[in-house]
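Listing of data_18.txt; format and content: compact mmCIF, C-alpha atoms.
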```
# COMPACT_ATOMS: atom_id res chain seq x y z
CA MET B 1 -12.34 15.22 19.27
CA ASP B 2 -12.41 13.79 22.79
CA LYS B 3 -13.43 16.34 25.45
CA ALA B 4 -10.56 15.53 27.81
CA GLU B 5 -8.06 15.97 24.95
CA THR B 6 -9.60 19.27 23.86
CA GLU B 7 -9.41 20.48 27.43
CA ALA B 8 -5.77 19.31 27.75
CA ILE B 9 -4.82 21.18 24.58
CA ARG B 10 -6.58 24.31 25.82
CA GLU B 11 -4.64 24.14 29.08
CA VAL B 12 -1.32 23.56 27.34
CA LEU B 13 -1.96 26.57 25.13
CA ALA B 14 -2.82 28.60 28.20
CA GLY B 15 0.66 27.87 29.54
CA ASN B 16 0.20 24.67 31.59
CA ARG B 17 2.72 22.29 30.06
CA ASP B 18 1.89 19.51 32.55
CA ALA B 19 -1.52 19.14 30.87
CA TYR B 20 0.36 17.61 27.94
CA ARG B 21 0.80 14.50 30.07
CA VAL B 22 -2.86 13.60 29.35
CA LEU B 23 -2.14 13.40 25.63
CA MET B 24 1.09 11.55 26.20
CA ASP B 25 -0.52 8.94 28.46
CA ARG B 26 -3.13 8.26 25.80
CA HIS B 27 -0.98 8.13 22.71
CA PHE B 28 2.66 7.47 23.61
CA CYS B 29 2.34 3.66 23.43
CA SER B 30 0.69 3.64 20.01
CA VAL B 31 3.16 6.23 18.72
CA THR B 32 6.11 4.14 19.95
CA ARG B 33 4.62 1.00 18.40
CA VAL B 34 4.24 2.67 15.00
CA ALA B 35 7.77 4.08 15.26
CA PHE B 36 9.02 0.59 16.09
CA ARG B 37 7.30 -0.90 13.03
CA ILE B 38 8.94 1.68 10.77
CA THR B 39 12.42 1.87 12.28
CA GLY B 40 12.67 -1.80 13.26
CA ASN B 41 14.40 -1.28 16.59
CA GLU B 42 13.50 -0.20 20.10
CA ALA B 43 16.11 2.52 20.65
CA ASP B 44 15.19 4.37 17.45
CA ALA B 45 11.48 3.90 18.19
CA GLU B 46 11.83 5.70 21.55
CA GLU B 47 13.91 8.45 20.00
CA VAL B 48 11.28 8.94 17.28
CA ALA B 49 8.43 8.91 19.82
CA GLN B 50 10.18 11.57 21.92
CA GLU B 51 10.83 13.74 18.87
CA THR B 52 7.25 13.26 17.69
CA PHE B 53 5.74 14.45 20.97
CA LEU B 54 8.13 17.37 21.11
CA ARG B 55 7.29 18.43 17.55
CA ALA B 56 3.56 18.03 18.22
CA TYR B 57 3.89 20.16 21.34
CA ASN B 58 5.68 22.93 19.50
CA LYS B 59 3.14 22.83 16.67
CA LEU B 60 0.15 22.72 19.02
CA PRO B 61 -0.67 26.45 18.58
CA SER B 62 -1.27 25.81 14.87
CA PHE B 63 -3.24 22.56 15.39
CA ARG B 64 -6.73 23.43 14.13
CA GLN B 65 -8.50 20.53 15.90
CA ASP B 66 -10.65 19.73 12.87
CA SER B 67 -9.13 16.25 12.97
CA ALA B 68 -8.45 14.00 15.94
CA PHE B 69 -5.21 14.50 17.86
CA SER B 70 -4.47 10.79 17.30
CA THR B 71 -4.64 11.19 13.49
CA TRP B 72 -2.51 14.31 13.63
CA ILE B 73 0.20 12.80 15.81
CA MET B 74 0.18 9.61 13.74
CA ARG B 75 1.05 11.70 10.71
CA ILE B 76 3.92 13.34 12.60
CA VAL B 77 5.33 10.04 13.87
CA MET B 78 5.27 8.47 10.41
CA ASN B 79 7.15 11.39 8.90
CA THR B 80 9.63 11.56 11.75
CA ALA B 81 10.30 7.82 11.58
CA ILE B 82 10.66 7.84 7.79
CA ASN B 83 13.12 10.74 8.04
CA LEU B 84 15.17 8.83 10.58
CA VAL B 85 15.23 5.69 8.43
CA GLU B 86 16.31 7.77 5.43
CA ARG B 87 19.08 9.38 7.46
CA ARG B 88 20.21 5.93 8.62
CA ASN B 89 20.15 4.63 5.05
CA ARG B 90 22.41 7.47 3.98
CA ASP B 91 24.85 6.71 6.77
CA LEU B 92 26.28 3.43 5.47
CA SER B 93 28.40 2.90 8.55
CA TYR B 94 25.23 2.45 10.58
CA HIS B 95 24.58 -0.80 8.74
CA ALA B 96 28.03 -2.24 9.35
CA PRO B 97 27.37 -3.99 12.68
CA ARG B 98 24.02 -5.27 11.46
CA ILE B 99 25.71 -7.74 9.11
CA VAL B 100 26.61 -9.85 12.14
CA ASP B 101 23.01 -9.53 13.24
CA GLU B 102 23.21 -10.94 16.74
CA PRO B 103 19.86 -10.26 18.39
CA SER B 104 21.55 -9.93 21.79
CA ALA B 105 22.47 -6.26 21.24
CA ALA B 106 19.73 -4.22 22.92
CA GLU B 107 18.98 -1.95 19.99
CA HIS B 108 18.81 -4.81 17.52
CA THR B 109 16.56 -7.08 19.55
CA VAL B 110 13.19 -7.31 17.95
CA ARG B 111 12.38 -10.83 18.98
CA VAL B 112 13.20 -12.78 22.10
CA ALA B 113 14.20 -16.37 21.49
CA ASP B 114 12.27 -19.07 23.31
CA ARG B 115 14.24 -20.09 26.41
CA GLN B 116 13.00 -23.67 26.03
CA ALA B 117 14.17 -23.87 22.43
CA GLY B 118 17.17 -25.99 21.49
CA PRO B 119 20.30 -24.66 19.75
CA GLU B 120 18.91 -25.58 16.33
CA ASP B 121 15.66 -23.71 16.96
CA ILE B 122 17.57 -20.67 18.18
CA LEU B 123 19.74 -20.75 15.06
CA LEU B 124 16.72 -21.09 12.79
CA ASN B 125 14.96 -18.31 14.69
CA SER B 126 17.87 -15.91 14.31
CA GLU B 127 18.23 -16.82 10.62
CA ALA B 128 14.55 -16.18 10.04
CA VAL B 129 14.81 -12.81 11.77
CA SER B 130 17.87 -11.92 9.66
CA MET B 131 16.09 -12.89 6.45
CA ARG B 132 13.00 -10.92 7.32
CA ARG B 133 15.07 -7.91 8.26
CA ALA B 134 17.12 -8.11 5.05
CA ALA B 135 13.92 -8.33 3.00
CA MET B 136 12.41 -5.35 4.84
CA ASP B 137 15.61 -3.36 4.25
CA GLU B 138 14.99 -3.71 0.51
CA LEU B 139 11.81 -1.65 0.82
CA THR B 140 11.78 2.12 0.51
CA PRO B 141 10.81 3.90 3.74
CA MET B 142 7.42 4.75 2.30
CA GLU B 143 6.72 1.15 1.25
CA ARG B 144 7.88 -0.14 4.61
CA THR B 145 5.68 2.32 6.47
CA ALA B 146 2.59 1.69 4.37
CA PHE B 147 3.05 -2.10 4.54
CA THR B 148 3.76 -2.44 8.26
CA LEU B 149 0.92 -0.13 9.24
CA ARG B 150 -1.59 -1.81 6.96
CA HIS B 151 -0.56 -5.39 7.61
CA MET B 152 0.79 -5.35 11.17
CA GLU B 153 -1.18 -2.52 12.74
CA ASP B 154 -4.39 -2.86 10.70
CA VAL B 155 -4.48 0.87 10.05
CA PRO B 156 -7.05 1.68 7.31
CA MET B 157 -5.58 2.67 3.96
CA THR B 158 -7.25 6.10 4.05
CA GLU B 159 -5.58 6.88 7.38
CA ILE B 160 -2.17 5.76 6.09
CA ALA B 161 -2.64 7.91 2.99
CA ALA B 162 -3.61 10.93 5.09
CA ALA B 163 -0.67 10.44 7.40
CA LEU B 164 1.80 10.06 4.53
CA ASN B 165 0.23 12.98 2.71
CA VAL B 166 -0.32 10.95 -0.45
CA THR B 167 -3.45 9.80 -2.24
CA SER B 168 -5.16 6.63 -1.11
CA ASN B 169 -4.21 5.00 -4.39
CA SER B 170 -0.51 5.86 -3.88
CA ALA B 171 -0.62 4.35 -0.39
CA LYS B 172 -2.26 1.20 -1.77
CA GLN B 173 0.34 0.93 -4.53
CA ALA B 174 3.11 1.29 -1.94
CA VAL B 175 1.67 -1.63 0.05
CA PHE B 176 1.29 -3.78 -3.07
CA ARG B 177 4.84 -3.02 -4.18
CA ALA B 178 6.09 -3.91 -0.71
CA VAL B 179 4.34 -7.30 -0.66
CA SER B 180 5.57 -8.06 -4.16
CA LYS B 181 9.17 -7.19 -3.24
CA LEU B 182 9.03 -9.20 -0.01
CA ARG B 183 7.67 -12.22 -1.86
CA ARG B 184 10.51 -11.99 -4.36
CA SER B 185 13.11 -11.56 -1.62
CA LEU B 186 11.94 -14.76 0.04
CA ALA B 187 11.64 -16.68 -3.22
CA PRO B 188 15.11 -18.32 -3.07
CA VAL B 189 14.32 -19.91 0.32
CA ALA B 190 10.72 -20.67 -0.52
CA GLY B 191 11.83 -22.72 -3.54
CA GLY B 192 11.43 -20.08 -6.22
CA LEU B 193 8.54 -17.97 -7.33
CA ARG B 194 5.39 -19.82 -7.94
CA MET G 1 -9.55 -18.19 -18.83
CA LYS G 2 -8.67 -14.72 -17.56
CA HIS G 3 -6.05 -14.89 -14.84
CA PHE G 4 -5.70 -12.36 -12.06
CA SER G 5 -2.55 -10.28 -11.72
CA GLU G 6 -0.23 -10.43 -8.70
CA GLU G 7 -1.44 -6.98 -7.64
CA GLU G 8 -5.08 -8.08 -7.71
CA LEU G 9 -4.25 -11.15 -5.66
CA ILE G 10 -2.29 -9.07 -3.13
CA ALA G 11 -5.32 -6.78 -2.80
CA TYR G 12 -7.47 -9.90 -2.32
CA GLN G 13 -5.22 -11.27 0.42
CA LEU G 14 -5.16 -7.88 2.17
CA GLN G 15 -8.95 -7.68 1.87
CA GLU G 16 -8.67 -4.57 -0.27
CA SER G 17 -10.07 -6.09 -3.47
CA PRO G 18 -13.38 -4.98 -4.97
CA ASP G 19 -13.64 -8.37 -6.78
CA THR G 20 -13.44 -10.72 -3.81
CA ALA G 21 -16.22 -13.04 -4.98
CA ALA G 22 -14.88 -13.29 -8.55
CA ILE G 23 -11.32 -13.98 -7.35
CA CYS G 24 -12.51 -16.51 -4.81
CA SER G 25 -14.41 -18.56 -7.39
CA HIS G 26 -11.54 -18.24 -9.90
CA LEU G 27 -9.05 -19.59 -7.35
CA GLU G 28 -11.14 -22.73 -6.94
CA ASN G 29 -10.71 -23.53 -10.64
CA CYS G 30 -7.25 -22.17 -11.46
CA SER G 31 -4.29 -23.86 -9.80
CA GLU G 32 -1.82 -21.31 -11.24
CA CYS G 33 -3.54 -18.35 -9.58
CA ALA G 34 -4.23 -20.40 -6.43
CA ASP G 35 -0.48 -21.12 -6.10
CA LEU G 36 0.38 -17.45 -6.55
CA SER G 37 -2.30 -16.44 -4.06
CA GLU G 38 -0.99 -18.96 -1.52
CA SER G 39 2.56 -17.67 -2.02
CA ILE G 40 1.35 -14.14 -1.24
CA ALA G 41 -0.54 -15.38 1.82
CA GLU G 42 2.61 -17.18 2.98
CA THR G 43 4.62 -13.97 2.60
CA LEU G 44 2.06 -12.09 4.68
CA ARG G 45 2.15 -14.81 7.36
CA ILE G 46 5.95 -14.60 7.54
CA PHE G 47 5.74 -10.84 8.04
CA SER G 48 2.96 -10.94 10.61
CA ALA G 49 3.26 -8.61 13.58
CA GLU G 50 6.04 -9.19 16.08
CA PRO G 51 5.51 -8.01 19.66
CA ALA G 52 6.33 -4.34 20.06
CA PRO G 53 8.18 -2.99 23.11
CA GLN G 54 6.26 -1.29 25.93
CA PRO G 55 7.79 2.11 26.70
CA ASP G 56 8.25 3.37 30.25
CA LEU G 57 5.74 6.24 30.32
CA GLU G 58 6.99 7.95 33.48
CA CYS G 59 10.59 7.94 32.36
CA ASN G 60 9.66 9.22 28.90
CA TRP G 61 7.45 11.94 30.35
CA GLN G 62 10.24 13.22 32.60
CA ARG G 63 12.61 13.28 29.63
CA LEU G 64 10.10 15.06 27.42
CA ARG G 65 8.94 17.53 30.07
CA SER G 66 12.40 18.99 30.47
CA ASN G 67 12.29 20.01 26.79
CA LEU G 68 8.85 21.65 26.84
CA SER G 69 8.60 25.42 26.82
CA VAL G 70 5.51 27.35 27.90
CA LEU G 71 3.22 27.92 24.89
CA THR G 72 0.94 30.72 23.76
CA PRO G 73 -1.71 30.48 21.00
CA GLU G 74 -0.73 31.60 17.50
CA ARG G 75 -2.38 34.80 16.26
CA ARG G 76 -3.74 34.96 12.75
CA ARG G 77 -2.30 37.64 10.54
CA GLY G 78 -5.15 38.40 8.13
CA PHE G 79 -3.76 41.73 7.07
CA GLU G 80 -0.63 40.24 5.58
CA LEU G 81 -2.71 37.72 3.64
CA MET G 82 -4.71 40.56 2.09
CA ARG G 83 -1.59 42.44 1.16
CA TRP G 84 -0.33 39.56 -0.94
CA ARG G 85 -3.69 38.89 -2.56
CA TRP G 86 -2.82 40.14 -6.06
CA VAL G 87 0.82 39.13 -6.14
CA TRP G 88 0.19 35.39 -6.32
CA PRO G 89 -2.14 35.19 -9.34
CA THR G 90 0.40 37.23 -11.33
CA ALA G 91 3.28 35.10 -10.13
CA SER G 92 1.43 31.87 -10.95
CA LEU G 93 0.66 33.07 -14.48
CA ALA G 94 4.32 33.90 -15.05
CA THR G 95 5.36 30.51 -13.65
CA ALA G 96 2.92 28.65 -15.91
CA MET G 97 4.41 30.44 -18.93
CA LEU G 98 7.93 29.63 -17.80
CA ILE G 99 7.08 25.94 -17.38
CA LEU G 100 5.48 25.80 -20.83
CA LEU G 101 8.60 27.35 -22.35
CA THR G 102 10.82 24.88 -20.48
CA VAL G 103 8.79 21.89 -21.68
CA PHE G 104 8.88 23.11 -25.29
CA GLY G 105 12.60 23.81 -24.95
CA VAL G 106 13.26 20.27 -23.75
CA LEU G 107 11.15 18.75 -26.52
CA PHE G 108 12.86 20.78 -29.28
CA HIS G 109 16.35 20.02 -28.03
CA ARG G 110 15.91 16.28 -27.85
CA GLY G 111 17.04 15.58 -31.46
CA GLY G 112 20.03 13.19 -31.99
CA GLU G 113 19.65 10.20 -29.74
CA THR G 114 16.10 8.85 -29.60
CA LYS G 115 15.10 7.02 -26.45
CA ARG G 116 11.83 5.56 -25.21
CA ASN G 117 11.91 8.03 -22.38
CA VAL G 118 8.96 10.35 -22.10
CA ALA G 119 8.09 11.48 -18.59
CA VAL G 120 5.37 13.89 -19.61
CA ASN G 121 2.06 13.45 -17.78
CA GLY G 122 -0.08 10.66 -19.16
CA HIS G 123 2.52 8.73 -21.18
CA GLY G 124 3.49 5.13 -20.62
CA PRO G 125 6.70 3.44 -19.45
CA ILE G 126 9.70 5.65 -20.03
CA THR G 127 12.27 2.93 -20.29
CA VAL G 128 12.77 -0.81 -20.44
CA GLU G 129 16.36 -0.60 -19.27
CA PRO G 130 17.44 -1.66 -15.77
CA THR G 131 17.28 1.30 -13.40
CA ASP G 132 19.23 2.31 -10.34
CA PRO G 133 17.23 0.92 -7.38
CA ALA G 134 18.24 3.93 -5.25
CA ILE G 135 16.23 6.24 -7.54
CA ALA G 136 13.05 4.66 -6.12
CA ASN G 137 14.00 5.94 -2.65
CA HIS G 138 14.81 9.34 -4.05
CA LEU G 139 11.50 9.59 -5.89
CA ASP G 140 9.64 8.46 -2.75
CA ALA G 141 11.36 11.16 -0.72
CA ALA G 142 10.63 13.73 -3.44
CA GLU G 143 6.96 12.74 -3.51
CA ARG G 144 6.62 13.11 0.24
CA LEU G 145 8.46 16.42 0.35
CA LEU G 146 6.30 17.89 -2.41
CA THR G 147 3.07 16.70 -0.81
CA GLU G 148 4.26 18.36 2.42
CA VAL G 149 4.92 21.57 0.45
CA ASN G 150 1.50 21.34 -1.21
CA ASN G 151 -0.38 20.77 2.03
CA THR G 152 1.38 22.92 4.60
CA SER G 153 -0.38 26.17 5.38
CA GLY G 154 2.39 27.97 7.29
CA PRO G 155 6.16 27.81 6.95
CA LEU G 156 7.77 24.39 6.61
CA ASP G 157 9.23 22.91 9.77
CA ASP G 158 12.96 22.45 10.36
CA ALA G 159 12.92 18.69 9.73
CA THR G 160 11.37 19.15 6.28
CA ARG G 161 13.85 21.90 5.41
CA GLU G 162 16.70 19.73 6.61
CA GLN G 163 15.40 16.93 4.41
CA ALA G 164 15.28 19.32 1.43
CA HIS G 165 18.89 20.25 2.11
CA SER G 166 20.04 16.63 2.11
CA LEU G 167 18.00 15.79 -1.01
CA LEU G 168 19.61 18.65 -2.90
CA LEU G 169 23.00 17.01 -3.38
CA GLN G 170 21.52 13.61 -4.22
CA ASN G 171 19.18 15.21 -6.72
CA ALA G 172 22.08 16.82 -8.56
CA ILE G 173 23.65 13.39 -8.96
CA TYR G 174 20.44 11.86 -10.30
CA VAL G 175 20.03 14.75 -12.74
CA ARG G 176 23.53 14.18 -14.06
CA ASN G 177 22.97 10.41 -14.33
CA ALA G 178 19.70 10.95 -16.18
CA ARG G 179 21.39 13.37 -18.57
CA ASP G 180 24.35 11.03 -19.13
CA SER G 181 22.02 8.15 -19.94
CA GLY G 182 20.00 10.30 -22.35
CA ALA G 183 16.83 10.30 -20.21
CA LEU G 184 16.19 13.97 -20.89
CA ALA G 185 12.60 14.06 -19.70
CA GLU G 186 13.58 12.50 -16.38
CA ALA G 187 16.45 14.97 -16.10
CA ALA G 188 14.06 17.87 -16.78
CA VAL G 189 11.63 16.78 -14.05
CA LEU G 190 14.46 16.28 -11.54
CA GLU G 191 15.95 19.63 -12.50
CA ASN G 192 12.64 21.31 -11.70
CA PHE G 193 12.60 19.46 -8.40
CA GLY G 194 16.16 20.71 -7.81
CA ARG G 195 14.94 24.31 -8.23
CA VAL G 196 12.31 23.74 -5.54
CA LEU G 197 14.96 22.26 -3.25
CA THR G 198 17.37 25.14 -3.88
CA THR G 199 14.65 27.67 -3.05
CA LEU G 200 13.76 25.79 0.12
CA ASP G 201 17.40 25.58 1.10
CA ASN G 202 18.23 29.23 0.50
CA GLU G 203 15.15 31.24 1.40
CA SER G 204 14.36 31.95 5.01
CA PRO G 205 10.95 30.58 6.02
CA THR G 206 8.13 33.11 6.33
CA GLN G 207 4.39 32.78 6.78
CA HIS G 208 3.89 32.85 2.99
CA SER G 209 7.05 31.21 1.68
CA THR G 210 5.45 27.77 1.20
CA TRP G 211 2.42 29.23 -0.54
CA ARG G 212 4.62 31.30 -2.86
CA LEU G 213 6.75 28.26 -3.65
CA ARG G 214 3.62 26.33 -4.61
CA LEU G 215 2.48 29.02 -7.00
CA GLU G 216 5.79 30.05 -8.49
CA MET G 217 7.13 26.58 -9.06
CA ASN G 218 3.88 24.74 -9.75
CA THR G 219 4.72 22.05 -7.21
CA SER G 220 1.41 20.26 -7.86
CA GLY G 221 2.34 19.70 -11.51
CA LEU G 222 5.82 18.67 -10.49
CA LEU G 223 4.40 16.19 -7.98
CA LEU G 224 2.36 14.59 -10.77
CA ASP G 225 5.50 14.31 -12.94
CA ILE G 226 7.41 12.72 -10.05
CA ARG G 227 4.59 10.21 -9.54
CA ILE G 228 4.68 9.31 -13.22
CA LEU G 229 8.45 8.82 -13.03
CA ARG G 230 7.90 6.66 -9.95
CA GLN G 231 5.29 4.57 -11.73
CA ASN G 232 7.45 4.20 -14.82
CA ASP G 233 10.41 3.26 -12.67
CA ASP G 234 8.31 0.47 -11.08
CA GLN G 235 7.12 -0.75 -14.45
CA SER G 236 10.63 -0.83 -15.89
CA GLN G 237 11.86 -2.74 -12.83
CA GLY G 238 9.02 -5.20 -13.35
CA VAL G 239 10.16 -5.68 -16.96
CA SER G 240 13.75 -6.21 -15.94
CA GLN G 241 12.88 -8.83 -13.32
```

As structure tokens, what does this structure read like?
Amino acid sequence: MDKAETEAIREVLAGNRDAYRVLMDRHFCSVTRVAFRITGNEADAEEVAQETFLRAYNKLPSFRQDSAFSTWIMRIVMNTAINLVERRNRDLSYHAPRIVDEPSAAEHTVRVADRQAGPEDILLNSEAVSMRRAAMDELTPMERTAFTLRHMEDVPMTEIAAALNVTSNSAKQAVFRAVSKLRRSLAPVAGGLR
Amino acid sequence: MKHFSEEELIAYQLQESPDTAAICSHLENCSECADLSESIAETLRIFSAEPAPQPDLECNWQRLRSNLSVLTPERRRGFELMRWRWVWPTASLATAMLILLTVFGVLFHRGGETKRNVAVNGHGPITVEPTDPAIANHLDAAERLLTEVNNTSGPLDDATREQAHSLLLQNAIYVRNARDSGALAEAAVLENFGRVLTTLDNESPTQHSTWRLRLEMNTSGLLLDIRILRQNDDQSQGVSQ
């Protein structure tokens, strides 16, 4: 593990909580990005990132440092984000406003429309975003996590498997299932399955 | 001509295939597979990465800092580990016997209605009937919870225990549904999972509680059964589509 990170952890464990800032500066952006990929919105991503760093801090005394801090915290963020998505899925009322799906609401905005685009482009853009989001909502949290991290973040399959605490084969299968489901979800607009 | 499956072509498009050269040359000669491969590539293009937001580090640090307590390193308690040394092998033996009896009990009581539903390790698809899509989520959650149980060295954290609590009620519903539909093997696996959840929900966490749970309830074997159910569920959904 990186020397500066080892030193920061040692200081935190010795009672200097400000030393945790070193770890946060290094990893908060990547943790937020992963949380954003899994939850699909900015507000939840920040909430997950905060919770992740708090959980990591509280678990730091039991962190054995035989793996990198980045791998360890990635595992925590994935689990935290998946738990949040599952909680949201259980709370049906959370989905109610999303049917309207106006990307102007801050927590729903995942894509900024081109200011130069005409009304038709904006409409097509928002429809495309809605379709993608609806297709992603069909995935289980595990499939969504494995797929977005592998395809959008280029995280190696072994790392995803380690973070999700499943075998590499299970992680691979989750990605394959996700792609297959997404392809089927888009089939009606793409002119049917080929 | 041997065609490649959708899964093999997905692996190819994600650069995870061990047969890249063979698939590549096949795609040049087979329009059917080439179309399917292009459809997968198109799907991946549609779901390519969108820009992610940049968090405000200073603001987030100030928010986080106010929640941080001052830490001290955890001390190892070797003595307690020694004290429990002989309890676990005995408990695991008793658990293995109990599981064997349960499995035999389930098999002998199946009688009456015969269904193509066998969720015992190593057997094929358990059903060709349409399944409840929500069960896939439940099995995913179960798989993750059990892997957490199997890999955690100390007590489980609050979030995991909270998740076990929320899964408990859902699990009871899936057990009842499985029983009602005659899927006795599925019901038996979910019932075992329910016992793990009940224990997690009711016992206070100690240094050894997770370890004891693993031994007494054979969570590794249960995880394998859940994975088989998951796989069978996928296969049956594939058949129904």

Quick one: residues within 9 Å of (16.5, 18.4, -0.9) (file frame), counting all atoms listed in the file, please, as number ranges by chain. G: 141-142, 145, 160-171, 193-194, 196-198, 200-201

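Every protein or nucleic acid residue with an atom no more than 10 Å from range 12-25 of chain G, counting only C-alpha atoms and leaving out same-chain residues fewer than 6 positions away, appears here: Arg150, His151, Asp154, Pro156, Met157, Lys172, Val175, Phe176 and Val179 of chain B; His3, Phe4, Glu6, Cys33, Ala34, Ser37, Glu38, Ile40, Ala41 and Leu44 of chain G.
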
What are the residues of chain G that have an atom within 9 Å of an atom of chain B, counting only C-alpha atoms, as a ChimeraX atom specification? /G:6-8,10-11,14,16,32,35-36,39-40,42-44,46-55,57,60-61,63-65,67-75,134,136-137,140-141,143-144,147-148,151,154,159-160,163,227,234

Can you measure CA of Val77 in chain B to CA of Thr52 in chain B for me? One decimal in Å is fine. 5.4 Å

To one decimal in Å, tell me the separation between CA of Met78 in chain B and CA of Thr145 in chain B.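 Separation of CA of Met78 in chain B and CA of Thr145 in chain B: 7.3 Å.
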